[in-house]
Structures are given as C-alpha cells and as structure tokens.
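Here is the structure we will look at, set down as structure tokens.
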Amino acid sequence: MEAGFPSDWVTRRAHLVAPDGAVLDVASGRGCHARWFAARGCRVLALDRDDEALASMSAHEGIDTLTADLETGAPWLLEADRSFDAVIVTNCSMPCVAVCA
C-alpha cells in the first residue's frame with residue numbers, strides 16, 4: 001500500500017522547516033509526510049502505534065521509526081533533551097505544523 005501524498009496545507013508551510021531540520025511526524029501512519037520531509041533532506045522520526053505502517057518506511061533513508069500509542073497514558077518514550085525543528089500532526093480535518101523556536 002502506498003503512503004499517499006502529503007497534504008497541501010503541510011507542503012505550503014514546509015518552507016518554515018530548514019532542509020536539514022529534525023522533524024517529528026506524530027501518528028505518521030504509512031508516512032506520506034515523513035517520506036516527503038526526508039526527501040527534502042530532513043531527519044525524520046515517524047511515530048505511530050501501527051508496526052506494519054512503520055515497517056513500510058524501514059528502508060527509507062532519513063527516517064527513523066518508533067512504535068508508540070500515545071493514547072494509553074504510558075510514559076513518553078523520547079529523551080527529555082531531544083528536540084525537533086518541526087512537529088507534524090495531521091488528521092483528515094485539522095492538519096498542524098508546529099515550527100519550534
């Protein structure tokens with residue numbers, strides 16, 4: 001199954017992220033945004049609860065994956081000092097790009 005295309009909303013704002021920036025793609029699914037940012041030279045961490053979806057990105061250069069279900073109340077899995085230049089969170093009705101200062 002293909003990852004699909006990144007949303008126009010995200011691509012129109014992608015200039016806010018440096019081409020070599022670190023991007024966290026939350027609830028990445030099959031990684032349409034993760035793949036798109038990696039193709040631009042970004043270092044991407046794709047986070048999702050679906051192992052199969054994340055496995056579809058295993059050979060993609062520039063993308064690391066992390067299986068996590070953020071809805072269980074489990075402790076946060078990332079190191080406290082880990083930082084990102086952008087955090088991508090999308091769903092069908094409300095995409096969001098946070099560009100971190």
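In the structure tokens, chains take letters A, B, ... by order of appearance, with residues numbered from 1 within each chain and ligands from 1 in the order shown.
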For stretch 32-34 of chain A, please output as number ranges by chain all residues within 9 Å (counting only C-alpha atoms; exclusion window: fewer than 3 positions along the same chain). A: 2-7, 10-11, 23-25, 28-29, 37-39, 42-46, 57, 62-63, 88
DSSP on the backbone, strand (DSSP E) only: what residues of stretch 54-88 of chain A does that give? Format it as a PyMOL selection string. chain A and resi 63-67+86-88
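The two atoms in question, atom CA of A:Val17 and atom CA of A:Ser83, are spaced 13.5 Å apart.
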Distance atom CA of A:Val89-atom CA of A:Glu61, one decimal place? 21.0 Å
